[in-house]
Structure formats: C-alpha cells, structure tokens
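Trainee: Quick one: this structure, given as structure tokens, is what I'll be asking you about.
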Amino acid sequence: MLIILTVLVYFAALLLFSRFTTRCSDNDTFFRGNRKSPWYMVAFGMVGASISGITFVSVPGMVMKTDMSYLQMCLGFILGYFVVAFVLLPVYYKLNLTTIYTWLDGRLGRRSYKTGASFFLLSKMTGAAVRFYVVCFILHHFVFQQFNVPFAVTVVGMVCLIWLYTRRGGIKTLVWTDTFQTTCMFIALILIIVQVVSALDMTMGEAVSAVVADSHSRIFVFDDWVSRQNFWKQLFSGMFVTIVMTGLDQDMMQKNLTCKNLRDAQKDMCTYGFAFFPANALFLGLGILLMMLAQHRGIALPDQGDDLLPMFAATGSMGTAVVIFFTIGVLAAAFSSADSALTALTTCFCVDLCNRPQDERLRHRAHVGIAIVFTLFILLFKALNSTSVIDAIYILCSYTYGPLLGLFAYGLLTRGQTHDRLVPYICALSPLLCYAIDSITYATTGYKFGYELLMLNGGLTFFGLWLGGKLKSTQHLHKVG
C-alpha cells in the first residue's frame, strides 16, 4: 500500500503542474511550447528525460558483468551532444521546424520524408515501450501481483496516468514536469546511496575509497579488441547513439526546439550532455556498493543485473524510506521519458504523416490512439524480452534508428540527390542486411556485433541512397539521350 500511495501522491503533483501550464493551450503550445522555454529548465529536465527508468534499474547492475566500462560510452555521449548542438540544431532552427523530419522533404523528397518519420514512429514506440516496461514490471511484481491484478491492467493504468497530464499542454507541460521529475530522481538516488553507505557502516569518504579500490571499478578496456566493452567501440557507439537517439529523434529534439533561439538551445544541449558522465558514475558506484552490501549480509547476487537494485530497494529489506525513494526515483525517470515519447509520437503523426498541424481534433484523437498502441507494445515486449533491458534498447535502436542515421548523413554530408521512390525499400532492406551480416559473422568467426550495428546500418543506408542517386542520374541521361 505504501508504494500505491507514493504513486498517487506523485501523480497528483504532476496533475498540478499540468493544470498550471495549460490554461491557454493550442496546437502550438502542445507541439512547440510557444518557443518560450528557459534553456536552463530544458537542460535540467532533459537529464531526467534522457536517463529514464532503465538507468535507475539497469545501470547499477551492469557492474556485475561489465564493471564501470559503461562510462566509456558516456564519454561518447558527450561527443555526440556537441555534434547535435553545432551541426544539427543550426539546421533545425534556421528552418523554424516543428518536426525535424520536415527537413528531409526539402532535401531528399517526399518519400524520404515520410520514410524518416515512419522509422521514428517505429523506433520511438519500441524504445519507449521497453523503457516504460521496467516501471510497470517493478510495480506489478512488488505491489499489484499480490492482489492478483493482471500485468495488463497495471500497464493500462500507468499509461492512462501519463495520458491524463499530457493531453492538453503537451510539450509545454513537459518542460516543467521534467524539471520536477529530474529533481525527484536525483534526490532519490542520493538518499538511496546514503542509506546503502549507512547499512555498510561506512562514512561517505570511506565508501568512495571502497568503490575506487574495488575490482569492478574498472572503466577503460583497451586490451581486448573483440570485446563489446573495448574503449573505441564504446566511445564511437556512444557518439553515434547520441546523434541518432537525440539529434535525429523528434522526442528528444522537440524540447530543445522550444527554446527561444539557437544559442539557448545549444547551451541547453551542451549542459545536459556533460551531466551524463557524473550521473551515470553515481548509478554505477551505487551498483558496486550494493554488491558490497550483498556480500556483507551473505546474500547471493541475482542472475540478472536488472534485479540488483530492486532486490534491496523494493523489498523493504533496507527500510521504508528506501522503498519510497526507490519508487519516486523510478517513477520520475520513467514518466519523464514516457510522457515526452507520447507527445512526440502524437506530434509526428499529426504533422508528418497527416500534414494537419492545426487540427486540434485530430491531435486529441491521435494522442488517445498513440497511448493505446504504446500499451500494446509494452505487453508485446513483456512476452518477448529475454535480455538485459538496457541492452535490448540499444540493440533495437541499432536496427530501427540506422536508416535515420543514413538518411540524415546523406542529406548533410553530400550535395547529391537520391532516387526518392526507392528510399522506403532501401531503408527497409538495410536492417535486414545488418541482421544477415551479424548472423553470418557470428556463425563463421564467433564475433558478435554490439552497439556498432548502428554504424553498420547507417552506412548501408547511406550506400543505398548513393546508389539510388547514381541510378537516377543514369535514367535521366537515358531520357535526355
């Protein structure tokens, strides 16, 4: 009952924010926040939106198998945010875009535009469903299951809560709720760390020294080129993941496009880009402390890293306060990513696929429809999931975001056109070729592609677009001849 009460109180706070920000709302408010958001609020809120519930649950447990090597990828994130800030944002602000995929229309053609928007819808629906699945699973496993509530009911209830506070204000509401949720998330994280340090009978200084001295505190892996944790693989994968999952993602860019001008948006992007490294270092450090606590209490570590933090925080073994902190932290991280996903998906559907940005009736209906499909995706992932949640997200993004990377790279790095009619087929074929290459490579050499699949996928799409451009030029010459 304690967790249920925490959820209700937290949701009531979000509804208050929604009420105060939607007194005079229209489609411009929902889609662009009237372009009046303070950059520092967007930056702070984006930290929570980018981290999401999977970080709160999965990252602490990553130290069990990969030590703190995830921080290598976080360094790549910083490089990626600079690329987004100084390469992509100027393009988006110059054209005063509502959705970033509109740029593809003028640069490559109508079918390229629709294909890019469609791949975003698929990618974001998949990734957001995976992220929100974490919260639904934890609440169901530790709370609602004992009341014989079906998992589907838990999912429907949680999605309905998000729909309620985003349905009117959209992105304008989210700029404020994200700030609140990021504050709650970091307060919860710090308080959980304090409780774990206290349970280990350490001072904070002793805890830091113990984490640094632990064998699982290894960050850099230079000696194994085959390993997925190799520094250069992680660094460049992190950079490209950020470029694609932030710079080419309407969800992440929509909030940045609510800033008053380009300079503010760049300050916002660089600020929260740098925040990723220390934030994730805290989560990984917590993971090492939890492993120490398990050894201290003679408790066996779970088989899955995703279960490490919930094993202590959600069961009440560390006291009522930790249960409350954990619940607030997971809710804050998960809601801040899921609510913006629903808003961005609604925006993309109305503006890019339907070309009706002023139709408020369509927007309301689309918001309901997106919420329903979102619920179905969460239930589908529950049936199929067999790997670590955070790994699942990056693997899925490698297949679904790769064509977006290829489309934007071709448009930005070349001056040539492509065969617009062939673009949907090129973008659909590229992930299939990626899967075939990965399977054949593993069968013949034993090497398994990791996050670098994203770069391979984007490269195949880029090459296909280049070939399409050559084919179009050849056809044009034949007609002229």
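By convention in this document, the chains of the structure tokens carry letters A, B, ... by their order, each chain's residues are numbered from 1, and ligands are numbered from 1 in the order they are shown.
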Near stretch 193-198 of chain A, within 12 Å and counting only C-alpha atoms, which residues show up once chain neighbours fewer than 2 positions away are dropped, as a ChimeraX atom specification?

Mentor: /A:60,186-191,200-211,282-294,296,309,312-313,317-323,325-326

Trainee: Compile the contact shell of A:Trp103 as a PDB file with N, CA and C atoms, in the first residue's frame: residues with an atom at most 12 Å away, counting only C-alpha atoms, same-chain residues fewer than 3 positions apart removed.

Mentor:
```pdb
ATOM      1  N   LEU A  88      23.457  19.844 -36.122  1.00  0.00           N
ATOM      2  CA  LEU A  88      22.036  19.621 -36.412  1.00  0.00           C
ATOM      3  C   LEU A  88      21.134  20.762 -35.949  1.00  0.00           C
ATOM      4  N   LEU A  89      21.346  21.257 -34.731  1.00  0.00           N
ATOM      5  CA  LEU A  89      20.470  22.331 -34.231  1.00  0.00           C
ATOM      6  C   LEU A  89      20.445  23.569 -35.140  1.00  0.00           C
ATOM      7  N   VAL A  91      20.606  23.709 -38.323  1.00  0.00           N
ATOM      8  CA  VAL A  91      19.735  23.378 -39.459  1.00  0.00           C
ATOM      9  C   VAL A  91      18.270  23.475 -39.045  1.00  0.00           C
ATOM     10  N   TYR A  92      17.944  22.914 -37.893  1.00  0.00           N
ATOM     11  CA  TYR A  92      16.548  22.887 -37.441  1.00  0.00           C
ATOM     12  C   TYR A  92      16.027  24.297 -37.125  1.00  0.00           C
ATOM     13  N   TYR A  93      16.866  25.116 -36.481  1.00  0.00           N
ATOM     14  CA  TYR A  93      16.416  26.461 -36.113  1.00  0.00           C
ATOM     15  C   TYR A  93      16.343  27.389 -37.330  1.00  0.00           C
ATOM     16  N   LYS A  94      17.236  27.193 -38.281  1.00  0.00           N
ATOM     17  CA  LYS A  94      17.214  28.026 -39.479  1.00  0.00           C
ATOM     18  C   LYS A  94      15.900  27.880 -40.236  1.00  0.00           C
ATOM     19  N   LEU A  95      15.367  26.660 -40.250  1.00  0.00           N
ATOM     20  CA  LEU A  95      14.127  26.388 -40.980  1.00  0.00           C
ATOM     21  C   LEU A  95      12.888  26.518 -40.092  1.00  0.00           C
ATOM     22  N   ASN A  96      13.097  26.834 -38.798  1.00  0.00           N
ATOM     23  CA  ASN A  96      11.972  27.025 -37.870  1.00  0.00           C
ATOM     24  C   ASN A  96      11.042  25.801 -37.858  1.00  0.00           C
ATOM     25  N   LEU A  97      11.621  24.615 -37.690  1.00  0.00           N
ATOM     26  CA  LEU A  97      10.876  23.364 -37.819  1.00  0.00           C
ATOM     27  C   LEU A  97      10.050  23.038 -36.582  1.00  0.00           C
ATOM     28  N   THR A  98       8.903  22.416 -36.832  1.00  0.00           N
ATOM     29  CA  THR A  98       8.115  21.829 -35.747  1.00  0.00           C
ATOM     30  C   THR A  98       8.556  20.391 -35.523  1.00  0.00           C
ATOM     31  N   THR A  99       8.731  19.644 -36.609  1.00  0.00           N
ATOM     32  CA  THR A  99       9.326  18.310 -36.524  1.00  0.00           C
ATOM     33  C   THR A  99      10.579  18.285 -37.391  1.00  0.00           C
ATOM     34  N   ILE A 100      11.584  17.574 -36.937  1.00  0.00           N
ATOM     35  CA  ILE A 100      12.871  17.605 -37.618  1.00  0.00           C
ATOM     36  C   ILE A 100      12.838  16.852 -38.948  1.00  0.00           C
ATOM     37  N   GLY A 106      12.420  18.719 -48.062  1.00  0.00           N
ATOM     38  CA  GLY A 106      13.067  19.675 -48.948  1.00  0.00           C
ATOM     39  C   GLY A 106      14.406  19.192 -49.479  1.00  0.00           C
ATOM     40  N   ARG A 107      15.085  18.347 -48.715  1.00  0.00           N
ATOM     41  CA  ARG A 107      16.427  17.922 -49.122  1.00  0.00           C
ATOM     42  C   ARG A 107      16.421  16.694 -50.031  1.00  0.00           C
ATOM     43  N   LEU A 108      15.626  15.672 -49.710  1.00  0.00           N
ATOM     44  CA  LEU A 108      15.676  14.421 -50.460  1.00  0.00           C
ATOM     45  C   LEU A 108      14.375  14.059 -51.173  1.00  0.00           C
ATOM     46  N   GLY A 109      13.245  14.580 -50.700  1.00  0.00           N
ATOM     47  CA  GLY A 109      11.986  14.267 -51.362  1.00  0.00           C
ATOM     48  C   GLY A 109      10.905  13.793 -50.406  1.00  0.00           C
ATOM     49  N   ARG A 110       9.689  13.763 -50.907  1.00  0.00           N
ATOM     50  CA  ARG A 110       8.527  13.447 -50.090  1.00  0.00           C
ATOM     51  C   ARG A 110       8.581  12.035 -49.506  1.00  0.00           C
ATOM     52  N   SER A 112      11.219  10.188 -48.921  1.00  0.00           N
ATOM     53  CA  SER A 112      12.285  10.156 -47.913  1.00  0.00           C
ATOM     54  C   SER A 112      11.776  10.738 -46.597  1.00  0.00           C
ATOM     55  N   TYR A 113      11.039  11.817 -46.705  1.00  0.00           N
ATOM     56  CA  TYR A 113      10.438  12.475 -45.541  1.00  0.00           C
ATOM     57  C   TYR A 113       9.493  11.531 -44.818  1.00  0.00           C
ATOM     58  N   LYS A 114       8.579  10.913 -45.544  1.00  0.00           N
ATOM     59  CA  LYS A 114       7.607  10.010 -44.919  1.00  0.00           C
ATOM     60  C   LYS A 114       8.298   8.770 -44.337  1.00  0.00           C
ATOM     61  N   GLY A 116      11.432   8.612 -43.175  1.00  0.00           N
ATOM     62  CA  GLY A 116      12.116   9.008 -41.955  1.00  0.00           C
ATOM     63  C   GLY A 116      11.153   9.132 -40.783  1.00  0.00           C
ATOM     64  N   ALA A 117      10.016   9.771 -41.021  1.00  0.00           N
ATOM     65  CA  ALA A 117       9.012   9.920 -39.962  1.00  0.00           C
ATOM     66  C   ALA A 117       8.473   8.563 -39.526  1.00  0.00           C
ATOM     67  N   LEU A 248      18.504  12.968 -34.054  1.00  0.00           N
ATOM     68  CA  LEU A 248      17.584  12.552 -35.117  1.00  0.00           C
ATOM     69  C   LEU A 248      16.286  12.017 -34.552  1.00  0.00           C
ATOM     70  N   ASP A 352       3.707  15.100 -39.598  1.00  0.00           N
ATOM     71  CA  ASP A 352       4.465  14.456 -40.678  1.00  0.00           C
ATOM     72  C   ASP A 352       3.635  13.501 -41.520  1.00  0.00           C
ATOM     73  N   LEU A 407      19.889   8.422 -43.658  1.00  0.00           N
ATOM     74  CA  LEU A 407      19.163   9.480 -44.370  1.00  0.00           C
ATOM     75  C   LEU A 407      19.736  10.860 -44.069  1.00  0.00           C
ATOM     76  N   PHE A 408      19.902  11.161 -42.785  1.00  0.00           N
ATOM     77  CA  PHE A 408      20.393  12.486 -42.413  1.00  0.00           C
ATOM     78  C   PHE A 408      21.859  12.659 -42.797  1.00  0.00           C
ATOM     79  N   GLY A 411      21.989  13.386 -46.490  1.00  0.00           N
ATOM     80  CA  GLY A 411      21.493  14.727 -46.783  1.00  0.00           C
ATOM     81  C   GLY A 411      22.433  15.825 -46.352  1.00  0.00           C
ATOM     82  N   LEU A 412      23.143  15.624 -45.226  1.00  0.00           N
ATOM     83  CA  LEU A 412      24.018  16.654 -44.682  1.00  0.00           C
ATOM     84  C   LEU A 412      25.427  16.617 -45.283  1.00  0.00           C
TER      85      LEU A 412
END
```

Trainee: Which residue, A:Val83, A:Ala428, A:Leu379, A:Val135, has the smallest gap to A:Ala338 when you use only C-alpha atoms?

Mentor: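 The closest residue to A:Ala338 is A:Val135.
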
Trainee: Might you pull out every residue within 12 Å of A:Gly369, with only C-alpha atoms counted and same-chain residues fewer than 2 positions away left off, and present them as a list in words?

Mentor: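 Once the nearby chain positions are removed, what remains is Val159, Cys160, Trp163, Arg167, Leu342, Thr343, Leu345, Thr346, Phe349, Cys350, Leu362, Arg363, His364, Arg365, Ala366, His367, Ala371, Ile372, Val373, Phe374, Thr375 and Leu376 of chain A.
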
Trainee: As number ranges by chain, which residues of stretch 198-342 of chain A does DSSP assign to helix (DSSP H, G or I)?

Mentor: A: 198-199, 204-213, 215-217, 231-247, 250-256, 262-297, 305-313, 320-342

Trainee: Quick one, how far is atom CA of A:Val221 from atom CA of A:Asn280?

Mentor: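 One can read the atom CA of A:Val221 to atom CA of A:Asn280 distance as 17.6 Å.
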
Trainee: Quick one: everything within 9 Å of A:Thr6, counting only C-alpha atoms, minus sequence neighbours fewer than 6 positions away in the same chain. Send it as a PyMOL selection string.

Mentor: chain A and resi 324+327-328

Trainee: Once you have the residues from the selection above, write them out as a PDB file, in the first residue's frame, restricted to C-alpha atoms.

Mentor:
```pdb
ATOM      1  CA  ILE A 324       9.711   5.344  -1.014  1.00  0.00           C
ATOM      2  CA  THR A 327       9.564   4.249  -6.068  1.00  0.00           C
ATOM      3  CA  ILE A 328       9.867   8.013  -6.592  1.00  0.00           C
TER       4      ILE A 328
END
```

Trainee: Could you give me, as a PyMOL selection string, the residues within 8 Å of A:Thr461, counting only C-alpha atoms and dropping anything in the same chain fewer than 3 positions from it?

Mentor: chain A and resi 402-403+406-407+426-427+430+457-458+464-465

Trainee: Given the choices A:Leu5, A:Ile219, A:Met46, A:Cys184, which gets closest to A:Gln72 if the distance is worked out from only C-alpha atoms?

Mentor: A:Ile219

Trainee: Write out as a list in words the residues lying within 8 Å of A:Lys124, counting only C-alpha atoms and excluding same-chain residues fewer than 6 positions away.

Mentor: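 The filter keeps Asp249, Asp251, Ala341 and Leu345 of chain A.
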
Trainee: Got a sec: who's within 12 Å of stretch 224-227 of chain A, counting only C-alpha atoms, leaving out chain neighbours fewer than 3 positions off, as an MDAnalysis selection string?

Mentor: chainID A and resid 66 69 220:221 230:234 442 445:452

Trainee: Given the selection you just returned, output its residues as a file containing N, CA and C atoms, formatted as an mmCIF file, in the first residue's frame.

Mentor:
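Result written to again.cif:
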```
data_model
loop_
_atom_site.group_PDB
_atom_site.id
_atom_site.type_symbol
_atom_site.label_atom_id
_atom_site.label_comp_id
_atom_site.auth_asym_id
_atom_site.auth_seq_id
_atom_site.Cartn_x
_atom_site.Cartn_y
_atom_site.Cartn_z
ATOM 1 N N THR A 66 30.120 -6.071 -16.454
ATOM 2 C CA THR A 66 30.978 -5.220 -17.299
ATOM 3 C C THR A 66 31.688 -4.129 -16.513
ATOM 4 N N SER A 69 32.642 -0.022 -17.206
ATOM 5 C CA SER A 69 33.031 0.289 -18.586
ATOM 6 C C SER A 69 31.956 1.053 -19.352
ATOM 7 N N PHE A 220 38.164 1.588 -18.243
ATOM 8 C CA PHE A 220 38.689 1.526 -19.604
ATOM 9 C C PHE A 220 39.142 0.115 -19.984
ATOM 10 N N VAL A 221 38.769 -0.281 -21.211
ATOM 11 C CA VAL A 221 39.163 -1.584 -21.753
ATOM 12 C C VAL A 221 39.855 -1.337 -23.094
ATOM 13 N N ASN A 230 35.318 -2.847 -25.497
ATOM 14 C CA ASN A 230 36.512 -2.157 -25.952
ATOM 15 C C ASN A 230 36.259 -0.648 -26.014
ATOM 16 N N PHE A 231 37.264 0.143 -25.571
ATOM 17 C CA PHE A 231 37.095 1.585 -25.432
ATOM 18 C C PHE A 231 36.612 2.250 -26.716
ATOM 19 N N TRP A 232 37.282 1.938 -27.837
ATOM 20 C CA TRP A 232 36.956 2.640 -29.075
ATOM 21 C C TRP A 232 35.572 2.268 -29.588
ATOM 22 N N LYS A 233 35.181 1.011 -29.404
ATOM 23 C CA LYS A 233 33.825 0.605 -29.788
ATOM 24 C C LYS A 233 32.791 1.344 -28.957
ATOM 25 N N GLN A 234 33.034 1.412 -27.652
ATOM 26 C CA GLN A 234 32.097 2.075 -26.764
ATOM 27 C C GLN A 234 32.035 3.579 -27.039
ATOM 28 N N TYR A 442 28.869 -14.088 -36.941
ATOM 29 C CA TYR A 442 28.907 -14.861 -35.697
ATOM 30 C C TYR A 442 29.073 -16.349 -35.980
ATOM 31 N N THR A 445 32.919 -16.661 -37.591
ATOM 32 C CA THR A 445 34.087 -16.208 -36.821
ATOM 33 C C THR A 445 33.869 -16.203 -35.314
ATOM 34 N N GLY A 446 32.605 -16.293 -34.886
ATOM 35 C CA GLY A 446 32.321 -16.223 -33.454
ATOM 36 C C GLY A 446 32.202 -14.806 -32.937
ATOM 37 N N TYR A 447 32.420 -13.803 -33.813
ATOM 38 C CA TYR A 447 32.315 -12.406 -33.393
ATOM 39 C C TYR A 447 30.860 -11.952 -33.458
ATOM 40 N N LYS A 448 30.388 -11.336 -32.369
ATOM 41 C CA LYS A 448 29.013 -10.851 -32.295
ATOM 42 C C LYS A 448 29.024 -9.330 -32.269
ATOM 43 N N PHE A 449 28.359 -8.725 -33.242
ATOM 44 C CA PHE A 449 28.270 -7.263 -33.260
ATOM 45 C C PHE A 449 27.532 -6.765 -32.022
ATOM 46 N N GLY A 450 27.969 -5.624 -31.516
ATOM 47 C CA GLY A 450 27.295 -4.990 -30.398
ATOM 48 C C GLY A 450 26.599 -3.723 -30.868
ATOM 49 N N TYR A 451 26.860 -2.636 -30.154
ATOM 50 C CA TYR A 451 26.209 -1.380 -30.486
ATOM 51 C C TYR A 451 26.711 -0.804 -31.816
ATOM 52 N N GLU A 452 27.841 -1.335 -32.326
ATOM 53 C CA GLU A 452 28.358 -0.839 -33.604
ATOM 54 C C GLU A 452 27.454 -1.205 -34.777
#
```
